[in-house]
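Colleague: For reference, this is entry-v8.pdb, and it has PDB, C-alpha atoms, pLDDT in the B column.
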ATOM      1  CA  MET A 188      15.301  15.978 -24.091  1.00 36.00           C
ATOM      2  CA  ASP A 189      16.133  12.264 -24.285  1.00 39.00           C
ATOM      3  CA  THR A 190      16.448   9.816 -21.405  1.00 40.00           C
ATOM      4  CA  VAL A 191      20.184   9.183 -21.887  1.00 38.00           C
ATOM      5  CA  ARG A 192      21.037  12.888 -21.647  1.00 35.00           C
ATOM      6  CA  ALA A 193      18.889  13.197 -18.535  1.00 37.00           C
ATOM      7  CA  LYS A 194      20.687  10.285 -16.896  1.00 41.00           C
ATOM      8  CA  LYS A 195      24.085  11.802 -17.580  1.00 35.00           C
ATOM      9  CA  HIS A 196      22.901  15.142 -16.265  1.00 35.00           C
ATOM     10  CA  LEU A 197      21.606  13.693 -13.018  1.00 35.00           C
ATOM     11  CA  GLY A 198      24.515  11.351 -12.369  1.00 43.00           C
ATOM     12  CA  GLN A 199      22.220   8.931 -10.527  1.00 65.00           C
ATOM     13  CA  HIS A 200      21.477   5.216 -10.571  1.00 73.00           C
ATOM     14  CA  PHE A 201      18.185   4.654 -12.401  1.00 80.00           C
ATOM     15  CA  LEU A 202      15.939   1.677 -11.822  1.00 89.00           C
ATOM     16  CA  LYS A 203      15.359  -0.107 -15.125  1.00 91.00           C
ATOM     17  CA  ASP A 204      13.465  -3.227 -14.000  1.00 93.00           C
ATOM     18  CA  LEU A 205       9.751  -2.713 -14.685  1.00 95.00           C
ATOM     19  CA  GLY A 206       8.801  -5.634 -12.474  1.00 96.00           C
ATOM     20  CA  ILE A 207      10.469  -4.069  -9.441  1.00 96.00           C
ATOM     21  CA  ALA A 208       8.838  -0.705 -10.197  1.00 96.00           C
ATOM     22  CA  ARG A 209       5.421  -2.358 -10.401  1.00 97.00           C
ATOM     23  CA  ARG A 210       5.956  -4.173  -7.079  1.00 97.00           C
ATOM     24  CA  ILE A 211       6.875  -0.907  -5.366  1.00 97.00           C
ATOM     25  CA  ALA A 212       3.755   0.793  -6.741  1.00 96.00           C
ATOM     26  CA  GLU A 213       1.573  -2.126  -5.661  1.00 95.00           C
ATOM     27  CA  SER A 214       2.951  -1.939  -2.115  1.00 95.00           C
ATOM     28  CA  LEU A 215       0.612   1.019  -1.610  1.00 93.00           C
ATOM     29  CA  GLY A 216      -2.395  -1.301  -1.776  1.00 89.00           C
ATOM     30  CA  ASP A 217      -5.727  -0.643  -3.484  1.00 87.00           C
ATOM     31  CA  THR A 218      -7.208   1.811  -0.986  1.00 88.00           C
ATOM     32  CA  PRO A 219      -7.904   5.186  -2.672  1.00 89.00           C
ATOM     33  CA  GLN A 220      -5.444   7.748  -1.363  1.00 95.00           C
ATOM     34  CA  ASN A 221      -3.460  10.888  -2.025  1.00 97.00           C
ATOM     35  CA  VAL A 222       0.105   9.947  -2.960  1.00 98.00           C
ATOM     36  CA  LEU A 223       3.243  12.056  -3.251  1.00 98.00           C
ATOM     37  CA  GLU A 224       6.154  10.523  -5.151  1.00 98.00           C
ATOM     38  CA  ILE A 225       9.602  11.865  -4.301  1.00 97.00           C
ATOM     39  CA  GLY A 226      12.187  12.107  -7.083  1.00 94.00           C
ATOM     40  CA  PRO A 227      10.340  10.460  -9.988  1.00 95.00           C
ATOM     41  CA  GLY A 228      13.226  11.078 -12.394  1.00 91.00           C
ATOM     42  CA  MET A 229      12.312   9.407 -15.690  1.00 91.00           C
ATOM     43  CA  GLY A 230       8.987   8.165 -14.342  1.00 95.00           C
ATOM     44  CA  ILE A 231       9.610   4.400 -14.208  1.00 95.00           C
ATOM     45  CA  LEU A 232       7.679   4.176 -10.926  1.00 96.00           C
ATOM     46  CA  THR A 233       5.302   7.009 -11.840  1.00 97.00           C
ATOM     47  CA  GLN A 234       3.790   5.073 -14.755  1.00 97.00           C
ATOM     48  CA  PHE A 235       2.659   2.270 -12.435  1.00 97.00           C
ATOM     49  CA  LEU A 236       1.438   4.640  -9.740  1.00 97.00           C
ATOM     50  CA  LEU A 237      -0.856   6.217 -12.324  1.00 96.00           C
ATOM     51  CA  GLN A 238      -2.365   2.752 -12.854  1.00 94.00           C
ATOM     52  CA  GLN A 239      -3.065   2.170  -9.146  1.00 92.00           C
ATOM     53  CA  PRO A 240      -6.804   2.251  -8.334  1.00 89.00           C
ATOM     54  CA  GLY A 241      -7.825   5.486  -6.663  1.00 91.00           C
ATOM     55  CA  CYS A 242      -4.291   6.887  -6.580  1.00 95.00           C
ATOM     56  CA  ASN A 243      -4.441  10.695  -6.602  1.00 96.00           C
ATOM     57  CA  LEU A 244      -0.814  11.239  -7.546  1.00 97.00           C
ATOM     58  CA  ARG A 245       1.446  14.247  -7.306  1.00 98.00           C
ATOM     59  CA  VAL A 246       5.210  14.176  -7.787  1.00 98.00           C
ATOM     60  CA  ILE A 247       8.014  16.365  -6.475  1.00 98.00           C
ATOM     61  CA  GLU A 248      11.277  16.606  -8.401  1.00 96.00           C
ATOM     62  CA  ILE A 249      14.228  18.919  -7.810  1.00 95.00           C
ATOM     63  CA  ASP A 250      15.904  18.456 -11.206  1.00 94.00           C
ATOM     64  CA  THR A 251      14.530  20.850 -13.838  1.00 94.00           C
ATOM     65  CA  GLU A 252      15.370  18.618 -16.823  1.00 94.00           C
ATOM     66  CA  SER A 253      13.516  15.713 -15.231  1.00 94.00           C
ATOM     67  CA  VAL A 254      10.545  18.018 -14.605  1.00 96.00           C
ATOM     68  CA  GLU A 255      10.552  18.940 -18.304  1.00 96.00           C
ATOM     69  CA  TYR A 256      10.718  15.258 -19.265  1.00 95.00           C
ATOM     70  CA  LEU A 257       7.817  14.357 -16.952  1.00 97.00           C
ATOM     71  CA  HIS A 258       5.683  17.141 -18.419  1.00 96.00           C
ATOM     72  CA  ASP A 259       6.333  15.764 -21.917  1.00 96.00           C
ATOM     73  CA  LYS A 260       5.736  12.108 -21.012  1.00 96.00           C
ATOM     74  CA  PHE A 261       2.759  12.243 -18.631  1.00 97.00           C
ATOM     75  CA  SER A 262      -0.055  14.534 -19.737  1.00 95.00           C
ATOM     76  CA  SER A 263      -2.178  13.196 -16.863  1.00 95.00           C
ATOM     77  CA  LEU A 264       0.225  14.873 -14.420  1.00 96.00           C
ATOM     78  CA  GLU A 265      -0.627  18.335 -15.702  1.00 95.00           C
ATOM     79  CA  GLY A 266      -0.663  20.645 -12.674  1.00 96.00           C
ATOM     80  CA  LYS A 267       0.564  17.853 -10.389  1.00 97.00           C
ATOM     81  CA  ILE A 268       4.331  18.142 -10.886  1.00 98.00           C
ATOM     82  CA  ILE A 269       6.059  20.118  -8.146  1.00 98.00           C
ATOM     83  CA  SER A 270       9.473  21.461  -9.145  1.00 97.00           C
ATOM     84  CA  ALA A 271      11.071  21.781  -5.717  1.00 97.00           C
ATOM     85  CA  ASP A 272      13.233  20.246  -3.003  1.00 96.00           C
ATOM     86  CA  PHE A 273      11.156  17.888  -0.834  1.00 96.00           C
ATOM     87  CA  LEU A 274      13.286  18.683   2.211  1.00 96.00           C
ATOM     88  CA  LYS A 275      12.418  22.384   1.997  1.00 96.00           C
ATOM     89  CA  TYR A 276       8.915  22.306   0.523  1.00 96.00           C
ATOM     90  CA  ASP A 277       5.852  23.220   2.603  1.00 96.00           C
ATOM     91  CA  LEU A 278       4.050  19.864   2.739  1.00 95.00           C
ATOM     92  CA  ASP A 279       0.836  21.496   3.953  1.00 94.00           C
ATOM     93  CA  THR A 280       0.359  22.885   0.450  1.00 95.00           C
ATOM     94  CA  VAL A 281       0.586  19.543  -1.388  1.00 96.00           C
ATOM     95  CA  PHE A 282      -2.811  18.086  -0.389  1.00 96.00           C
ATOM     96  CA  ASN A 283      -5.700  19.309   1.743  1.00 94.00           C
ATOM     97  CA  SER A 284      -5.689  16.044   3.702  1.00 95.00           C
ATOM     98  CA  ASP A 285      -3.440  13.094   4.594  1.00 96.00           C
ATOM     99  CA  PHE A 286      -1.153  11.636   1.925  1.00 97.00           C
ATOM    100  CA  SER A 287       1.076   8.616   1.445  1.00 97.00           C
ATOM    101  CA  LEU A 288       4.700   8.949   0.448  1.00 98.00           C
ATOM    102  CA  ILE A 289       6.489   6.763  -2.090  1.00 98.00           C
ATOM    103  CA  GLY A 290       9.640   6.765  -4.166  1.00 96.00           C
ATOM    104  CA  ASN A 291      12.947   5.328  -5.180  1.00 93.00           C
ATOM    105  CA  PHE A 292      14.387   7.590  -2.536  1.00 92.00           C
ATOM    106  CA  PRO A 293      17.711   9.361  -3.221  1.00 87.00           C
ATOM    107  CA  TYR A 294      20.173   7.501  -1.009  1.00 87.00           C
ATOM    108  CA  ASN A 295      22.186  10.569  -0.049  1.00 89.00           C
ATOM    109  CA  ILE A 296      19.183  12.239   1.636  1.00 93.00           C
ATOM    110  CA  SER A 297      17.127   9.206   2.717  1.00 93.00           C
ATOM    111  CA  ASN A 298      17.709   9.811   6.440  1.00 95.00           C
ATOM    112  CA  GLN A 299      16.627  13.436   6.067  1.00 96.00           C
ATOM    113  CA  ILE A 300      13.491  12.311   4.236  1.00 97.00           C
ATOM    114  CA  LEU A 301      12.639   9.938   7.071  1.00 97.00           C
ATOM    115  CA  PHE A 302      13.136  12.621   9.703  1.00 97.00           C
ATOM    116  CA  ARG A 303      10.663  14.774   7.748  1.00 97.00           C
ATOM    117  CA  VAL A 304       8.255  11.831   7.766  1.00 97.00           C
ATOM    118  CA  PHE A 305       8.623  11.626  11.539  1.00 97.00           C
ATOM    119  CA  GLU A 306       7.962  15.357  11.897  1.00 96.00           C
ATOM    120  CA  ASN A 307       4.855  15.074   9.687  1.00 96.00           C
ATOM    121  CA  ARG A 308       3.701  11.680  10.949  1.00 96.00           C
ATOM    122  CA  ASN A 309       0.148  12.821  11.640  1.00 94.00           C
ATOM    123  CA  ARG A 310      -0.286  13.675   7.958  1.00 96.00           C
ATOM    124  CA  ILE A 311       1.531  10.680   6.451  1.00 97.00           C
ATOM    125  CA  PRO A 312      -0.244   7.364   7.166  1.00 97.00           C
ATOM    126  CA  LEU A 313       1.918   5.270   4.848  1.00 97.00           C
ATOM    127  CA  VAL A 314       5.438   5.335   3.408  1.00 98.00           C
ATOM    128  CA  ALA A 315       6.665   2.840   0.823  1.00 97.00           C
ATOM    129  CA  GLY A 316       9.743   2.781  -1.311  1.00 95.00           C
ATOM    130  CA  MET A 317      13.308   1.857  -1.988  1.00 95.00           C
ATOM    131  CA  PHE A 318      16.304   2.703   0.151  1.00 95.00           C
ATOM    132  CA  GLN A 319      19.907   1.589   0.317  1.00 94.00           C
ATOM    133  CA  LYS A 320      19.757  -1.874   1.914  1.00 95.00           C
ATOM    134  CA  GLU A 321      21.652  -0.930   5.057  1.00 94.00           C
ATOM    135  CA  VAL A 322      19.286   2.010   5.650  1.00 95.00           C
ATOM    136  CA  ALA A 323      16.229  -0.193   5.108  1.00 97.00           C
ATOM    137  CA  GLU A 324      17.617  -2.759   7.551  1.00 97.00           C
ATOM    138  CA  ARG A 325      18.273  -0.066  10.127  1.00 95.00           C
ATOM    139  CA  ILE A 326      14.746   1.353   9.863  1.00 96.00           C
ATOM    140  CA  ALA A 327      13.164  -2.097  10.191  1.00 97.00           C
ATOM    141  CA  ALA A 328      15.552  -3.275  12.944  1.00 96.00           C
ATOM    142  CA  LYS A 329      14.316  -4.353  16.360  1.00 95.00           C
ATOM    143  CA  SER A 330      16.003  -3.689  19.704  1.00 95.00           C
ATOM    144  CA  GLY A 331      19.050  -5.873  20.222  1.00 94.00           C
ATOM    145  CA  SER A 332      20.220  -5.527  16.621  1.00 94.00           C
ATOM    146  CA  LYS A 333      23.579  -3.917  15.907  1.00 92.00           C
ATOM    147  CA  VAL A 334      21.984  -1.727  13.220  1.00 95.00           C
ATOM    148  CA  TYR A 335      19.161  -0.533  15.494  1.00 96.00           C
ATOM    149  CA  GLY A 336      19.379   3.238  15.868  1.00 96.00           C
ATOM    150  CA  ILE A 337      17.699   6.605  16.328  1.00 97.00           C
ATOM    151  CA  LEU A 338      15.314   6.327  13.371  1.00 96.00           C
ATOM    152  CA  SER A 339      14.481   2.725  14.302  1.00 97.00           C
ATOM    153  CA  VAL A 340      13.157   3.940  17.668  1.00 98.00           C
ATOM    154  CA  LEU A 341      11.489   7.154  16.548  1.00 98.00           C
ATOM    155  CA  LEU A 342       9.663   5.648  13.581  1.00 98.00           C
ATOM    156  CA  SER A 343       8.636   2.395  15.286  1.00 97.00           C
ATOM    157  CA  ALA A 344       6.902   4.465  17.962  1.00 97.00           C
ATOM    158  CA  PHE A 345       4.389   5.606  15.343  1.00 98.00           C
ATOM    159  CA  TYR A 346       4.681   3.164  12.431  1.00 98.00           C
ATOM    160  CA  ASP A 347       4.523  -0.582  11.844  1.00 97.00           C
ATOM    161  CA  ILE A 348       7.539  -1.220   9.629  1.00 97.00           C
ATOM    162  CA  GLU A 349       7.916  -4.068   7.117  1.00 97.00           C
ATOM    163  CA  TYR A 350      11.035  -5.049   5.176  1.00 97.00           C
ATOM    164  CA  LEU A 351       9.434  -6.191   1.903  1.00 97.00           C
ATOM    165  CA  PHE A 352      12.248  -7.358  -0.382  1.00 97.00           C
ATOM    166  CA  THR A 353      15.879  -6.912  -1.407  1.00 97.00           C
ATOM    167  CA  VAL A 354      16.820  -5.390  -4.775  1.00 95.00           C
ATOM    168  CA  ASN A 355      20.051  -6.415  -6.522  1.00 94.00           C
ATOM    169  CA  GLU A 356      22.467  -4.001  -8.146  1.00 92.00           C
ATOM    170  CA  ASN A 357      21.943  -5.226 -11.720  1.00 92.00           C
ATOM    171  CA  VAL A 358      18.451  -3.711 -12.017  1.00 92.00           C
ATOM    172  CA  PHE A 359      19.948  -0.195 -12.086  1.00 90.00           C
ATOM    173  CA  ASP A 360      21.678   1.802 -14.819  1.00 85.00           C
ATOM    174  CA  PRO A 361      24.500   2.213 -13.978  1.00 85.00           C
ATOM    175  CA  PRO A 362      24.673  -0.491 -11.263  1.00 87.00           C
ATOM    176  CA  PRO A 363      25.472   0.943  -7.804  1.00 85.00           C
ATOM    177  CA  LYS A 364      28.036  -0.642  -5.500  1.00 87.00           C
ATOM    178  CA  VAL A 365      25.400  -1.453  -2.873  1.00 90.00           C
ATOM    179  CA  LYS A 366      22.213  -3.474  -2.713  1.00 93.00           C
ATOM    180  CA  SER A 367      18.855  -1.817  -2.179  1.00 94.00           C
ATOM    181  CA  ALA A 368      15.671  -2.810  -0.385  1.00 97.00           C
ATOM    182  CA  VAL A 369      12.003  -1.865  -0.301  1.00 97.00           C
ATOM    183  CA  ILE A 370      10.229  -1.204   2.975  1.00 98.00           C
ATOM    184  CA  ARG A 371       6.712  -0.154   3.934  1.00 98.00           C
ATOM    185  CA  MET A 372       5.698   1.823   7.000  1.00 98.00           C
ATOM    186  CA  ARG A 373       2.058   1.984   8.101  1.00 97.00           C
ATOM    187  CA  ARG A 374       0.917   4.421  10.768  1.00 97.00           C
ATOM    188  CA  ASN A 375      -0.065   2.571  13.925  1.00 97.00           C
ATOM    189  CA  GLY A 376      -2.751   3.563  16.418  1.00 93.00           C
ATOM    190  CA  THR A 377      -0.482   5.807  18.507  1.00 95.00           C
ATOM    191  CA  ALA A 378      -1.690   9.372  18.071  1.00 93.00           C
ATOM    192  CA  THR A 379       0.578  10.811  20.768  1.00 95.00           C
ATOM    193  CA  LEU A 380       3.050   9.351  23.229  1.00 96.00           C
ATOM    194  CA  PRO A 381       2.208   9.334  26.951  1.00 96.00           C
ATOM    195  CA  CYS A 382       5.302  11.431  27.614  1.00 96.00           C
ATOM    196  CA  ASP A 383       6.882  14.702  26.553  1.00 96.00           C
ATOM    197  CA  GLU A 384       7.631  13.954  22.894  1.00 96.00           C
ATOM    198  CA  ARG A 385      10.405  16.531  22.621  1.00 96.00           C
ATOM    199  CA  LEU A 386      12.144  15.008  25.611  1.00 97.00           C
ATOM    200  CA  PHE A 387      11.576  11.551  24.114  1.00 98.00           C
ATOM    201  CA  VAL A 388      13.404  12.567  20.928  1.00 97.00           C
ATOM    202  CA  SER A 389      16.182  14.183  22.957  1.00 97.00           C
ATOM    203  CA  VAL A 390      16.607  11.072  25.126  1.00 97.00           C
ATOM    204  CA  VAL A 391      16.749   8.778  22.086  1.00 98.00           C
ATOM    205  CA  LYS A 392      19.263  10.940  20.222  1.00 97.00           C
ATOM    206  CA  THR A 393      21.441  11.447  23.304  1.00 97.00           C
ATOM    207  CA  ALA A 394      21.474   7.719  24.071  1.00 97.00           C
ATOM    208  CA  PHE A 395      22.476   6.673  20.550  1.00 97.00           C
ATOM    209  CA  ASN A 396      25.024   9.440  20.104  1.00 95.00           C
ATOM    210  CA  GLN A 397      27.096   7.497  22.640  1.00 92.00           C
ATOM    211  CA  ARG A 398      25.767   4.052  21.924  1.00 90.00           C
ATOM    212  CA  ARG A 399      28.851   2.216  23.206  1.00 92.00           C
ATOM    213  CA  LYS A 400      28.256   3.599  26.680  1.00 96.00           C
ATOM    214  CA  THR A 401      25.716   2.342  29.180  1.00 97.00           C
ATOM    215  CA  MET A 402      22.618   4.493  29.553  1.00 97.00           C
ATOM    216  CA  ARG A 403      23.927   5.738  32.895  1.00 96.00           C
ATOM    217  CA  ASN A 404      26.849   7.426  31.146  1.00 96.00           C
ATOM    218  CA  ALA A 405      25.214   8.171  27.808  1.00 97.00           C
ATOM    219  CA  LEU A 406      22.435  10.242  29.392  1.00 95.00           C
ATOM    220  CA  LYS A 407      24.734  12.470  31.483  1.00 94.00           C
ATOM    221  CA  PRO A 408      24.652  15.313  28.900  1.00 94.00           C
ATOM    222  CA  LEU A 409      20.925  15.766  29.630  1.00 93.00           C
ATOM    223  CA  GLY A 410      21.741  16.811  33.181  1.00 91.00           C
ATOM    224  CA  LEU A 411      18.665  15.068  34.594  1.00 91.00           C
ATOM    225  CA  PRO A 412      18.611  13.011  37.824  1.00 91.00           C
ATOM    226  CA  LEU A 413      18.789   9.281  37.136  1.00 93.00           C
ATOM    227  CA  SER A 414      18.025   8.059  40.648  1.00 92.00           C
ATOM    228  CA  GLU A 415      14.512   6.838  39.737  1.00 94.00           C
ATOM    229  CA  VAL A 416      15.643   4.954  36.610  1.00 95.00           C
ATOM    230  CA  PRO A 417      15.784   1.166  37.184  1.00 95.00           C
ATOM    231  CA  GLU A 418      19.311  -0.206  37.462  1.00 96.00           C
ATOM    232  CA  LYS A 419      18.696  -2.707  34.670  1.00 96.00           C
ATOM    233  CA  MET A 420      17.868   0.148  32.298  1.00 96.00           C
ATOM    234  CA  LEU A 421      20.856   2.219  33.373  1.00 96.00           C
ATOM    235  CA  ALA A 422      23.183  -0.744  32.821  1.00 97.00           C
ATOM    236  CA  SER A 423      21.837  -1.294  29.290  1.00 97.00           C
ATOM    237  CA  ARG A 424      23.057   0.238  26.070  1.00 97.00           C
ATOM    238  CA  ALA A 425      20.767   2.177  23.750  1.00 97.00           C
ATOM    239  CA  GLU A 426      20.339  -0.633  21.208  1.00 96.00           C
ATOM    240  CA  GLN A 427      19.002  -2.930  23.941  1.00 97.00           C
ATOM    241  CA  LEU A 428      15.973  -0.716  24.656  1.00 97.00           C
ATOM    242  CA  SER A 429      12.737  -0.891  22.673  1.00 96.00           C
ATOM    243  CA  SER A 430      10.682   2.127  21.676  1.00 96.00           C
ATOM    244  CA  ASP A 431       8.361   1.391  24.624  1.00 96.00           C
ATOM    245  CA  ASP A 432      11.383   1.266  26.947  1.00 97.00           C
ATOM    246  CA  PHE A 433      12.425   4.722  25.770  1.00 97.00           C
ATOM    247  CA  VAL A 434       8.904   6.015  26.432  1.00 97.00           C
ATOM    248  CA  THR A 435       9.075   4.593  29.962  1.00 96.00           C
ATOM    249  CA  LEU A 436      12.529   6.087  30.475  1.00 97.00           C
ATOM    250  CA  THR A 437      11.329   9.481  29.230  1.00 97.00           C
ATOM    251  CA  LEU A 438       8.395   9.417  31.650  1.00 96.00           C
ATOM    252  CA  ILE A 439      10.730   8.690  34.559  1.00 95.00           C
ATOM    253  CA  LEU A 440      13.086  11.520  33.574  1.00 94.00           C
ATOM    254  CA  GLN A 441      10.159  13.838  32.958  1.00 93.00           C
ATOM    255  CA  ASN A 442       8.816  13.248  36.458  1.00 90.00           C
ATOM    256  CA  SER A 443      12.292  13.589  37.972  1.00 84.00           C
ATOM    257  CA  LYS A 444      12.650  16.926  36.214  1.00 75.00           C
ATOM    258  CA  LYS A 445       9.488  18.238  37.912  1.00 72.00           C
ATOM    259  CA  GLN A 446      10.672  17.359  41.412  1.00 65.00           C
TER     260      GLN A 446
END
The structure in this file should be written as structure tokens.
Modeller:
Amino acid sequence: MDTVRAKKHLGQHFLKDLGIARRIAESLGDTPQNVLEIGPGMGILTQFLLQQPGCNLRVIEIDTESVEYLHDKFSSLEGKIISADFLKYDLDTVFNSDFSLIGNFPYNISNQILFRVFENRNRIPLVAGMFQKEVAERIAAKSGSKVYGILSVLLSAFYDIEYLFTVNENVFDPPPKVKSAVIRMRRNGTATLPCDERLFVSVVKTAFNQRRKTMRNALKPLGLPLSEVPEKMLASRAEQLSSDDFVTLTLILQNSKKQ
């Protein structure tokens, strides 16, 4: 199978700039680690990951023709190519310990990938890779930004997030209609939140699902008493509250629920 046929089969935008691929691989750092690459495709990033010091690499690819190509091109990946859908695969079977995640992430499922990262945050200390620029900006956004959203809050509670660099359209074949960007997320020191984490997620999602409303109105679907919530917080909109603010809010609602 040749590369051109594979590209036509996949109908995707393939990174062709080796310099960009090398920079993404190097964003992992030199610390020895288990690494899972999502969607390696033709292996442009894979080849540089295999050169990273101490990188114990496995790859997961849903496309069977790409899997065949990777088997032919990278003999060192023998037994380390997983032919499966990352969103459905049991991640506990990939490595016996923690692992970092990397990839030129498929733009159509990037949010779903990040929600899986959040769900498996205690096993994934580092995430690095390329996203559509607007998604990368949203993940790295701080409170007060118009693009700040649900994933911004959830991920920043457990990760330190860095926007590394922007990637122009002309480094892809064929060029997409949008710019891309590379971000890196490192697990911070927060093992657990000092509140009910399920309620925290529910509060964040409920608040942003009606982000044009003040918190007083946005939180009504939860059916919890708001009398103990500070007026300043109730008068704010979701994008004005930091991750720590949402933790504080969750604690207040949690205690109100018990009364």
Colleague: For A:Ile249, which residue among A:Ile231, A:Leu386, A:Val416, A:Ile269 is the nearest when counting all atoms listed in the file?
Modeller: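 Under the stated criterion, the closest residue is A:Ile269.
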Colleague: Counting all atoms listed in the file, which of A:Phe395, A:Phe433, A:Phe387, A:Phe292 gets nearest to A:Glu248?
Modeller: A:Phe292
Colleague: When you count only C-alpha atoms, which of these residues is closest to A:Val281: A:Glu306, A:Asp431, A:Glu224, A:Asp360?
Modeller: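 Using only C-alpha atoms, the shortest distance to A:Val281 belongs to A:Glu224.
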Colleague: Distance atom CA of A:Arg373-atom CA of A:Asn357, one decimal place?
Modeller: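 Interatomic distance here is 29.0 Å.
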Colleague: If you measure from atom CA of A:Thr218 to atom CA of A:Cys242, what distance in Å do you get, rounded to one decimal?
Modeller: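 Pair atom CA of A:Thr218 / atom CA of A:Cys242 returns 8.1 Å.
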Colleague: Go ahead and compute the interatomic distance for atom CA of A:Phe302 and atom CA of A:Ser339, in Å to one decimal.
Modeller: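 Those two atoms sit 11.0 Å apart.
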Colleague: Given only C-alpha atoms as the basis, pick out the residue of A:Pro361, A:Gly316, A:Pro408, A:Gly241 nearest to A:Ile207.
Modeller: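 Going through A:Pro361, A:Gly316, A:Pro408, A:Gly241 one by one, the smallest distance to A:Ile207 is for A:Gly316.
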Colleague: What's the 8 Å shell around A:Ile225, counting only C-alpha atoms, without same-chain residues fewer than 6 positions away, as a VMD selection string?
Modeller: chain A and resid 246 to 248 273 288 to 292
Colleague: Using all atoms listed in the file, find the one residue out of A:Arg403, A:Thr377, A:Gly230, A:Leu237 that sits nearest to A:Asp259.
Modeller: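 Selected residue with least distance to A:Asp259: A:Gly230.
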Colleague: Mind checking which residues fall within 10 Å of A:Leu436, counting all atoms listed in the file, ignoring those fewer than 6 positions away in the same chain, and posting them as a list in words?
Modeller: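 Result of the neighbour search: Cys382, Phe387, Val390, Val391, Leu413, Glu415, Val416, Pro417, Met420, Leu421, Leu428 and Ser430 of chain A.
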Colleague: Once the PyMOL selection byres ((chain A and resi 368) around 9) is applied to the coordinates I shared, what remains selected? I want it as an MDAnalysis selection string.
Modeller: chainID A and resid 316:324 350:355 366:367 369:370
Colleague: Care to translate the PyMOL selection byres ((chain A and resi 307) around 12) into actual residues of this file, as a short mmCIF file (atom, residue, chain, number, x, y, z; two decimals) with C-alpha atoms, keeping the file's coordinate frame?
Modeller:
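Everything below was put into result05.cif:
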data_model
loop_
_atom_site.label_atom_id
_atom_site.label_comp_id
_atom_site.auth_asym_id
_atom_site.auth_seq_id
_atom_site.Cartn_x
_atom_site.Cartn_y
_atom_site.Cartn_z
CA LEU A 274 13.29 18.68 2.21
CA ASP A 277 5.85 23.22 2.60
CA LEU A 278 4.05 19.86 2.74
CA ASP A 279 0.84 21.50 3.95
CA ASP A 285 -3.44 13.09 4.59
CA PHE A 286 -1.15 11.64 1.92
CA SER A 287 1.08 8.62 1.44
CA LEU A 288 4.70 8.95 0.45
CA ILE A 300 13.49 12.31 4.24
CA LEU A 301 12.64 9.94 7.07
CA PHE A 302 13.14 12.62 9.70
CA ARG A 303 10.66 14.77 7.75
CA VAL A 304 8.26 11.83 7.77
CA PHE A 305 8.62 11.63 11.54
CA GLU A 306 7.96 15.36 11.90
CA ARG A 308 3.70 11.68 10.95
CA ASN A 309 0.15 12.82 11.64
CA ARG A 310 -0.29 13.68 7.96
CA ILE A 311 1.53 10.68 6.45
CA PRO A 312 -0.24 7.36 7.17
CA LEU A 313 1.92 5.27 4.85
CA VAL A 314 5.44 5.34 3.41
CA LEU A 342 9.66 5.65 13.58
CA PHE A 345 4.39 5.61 15.34
CA ARG A 374 0.92 4.42 10.77
#
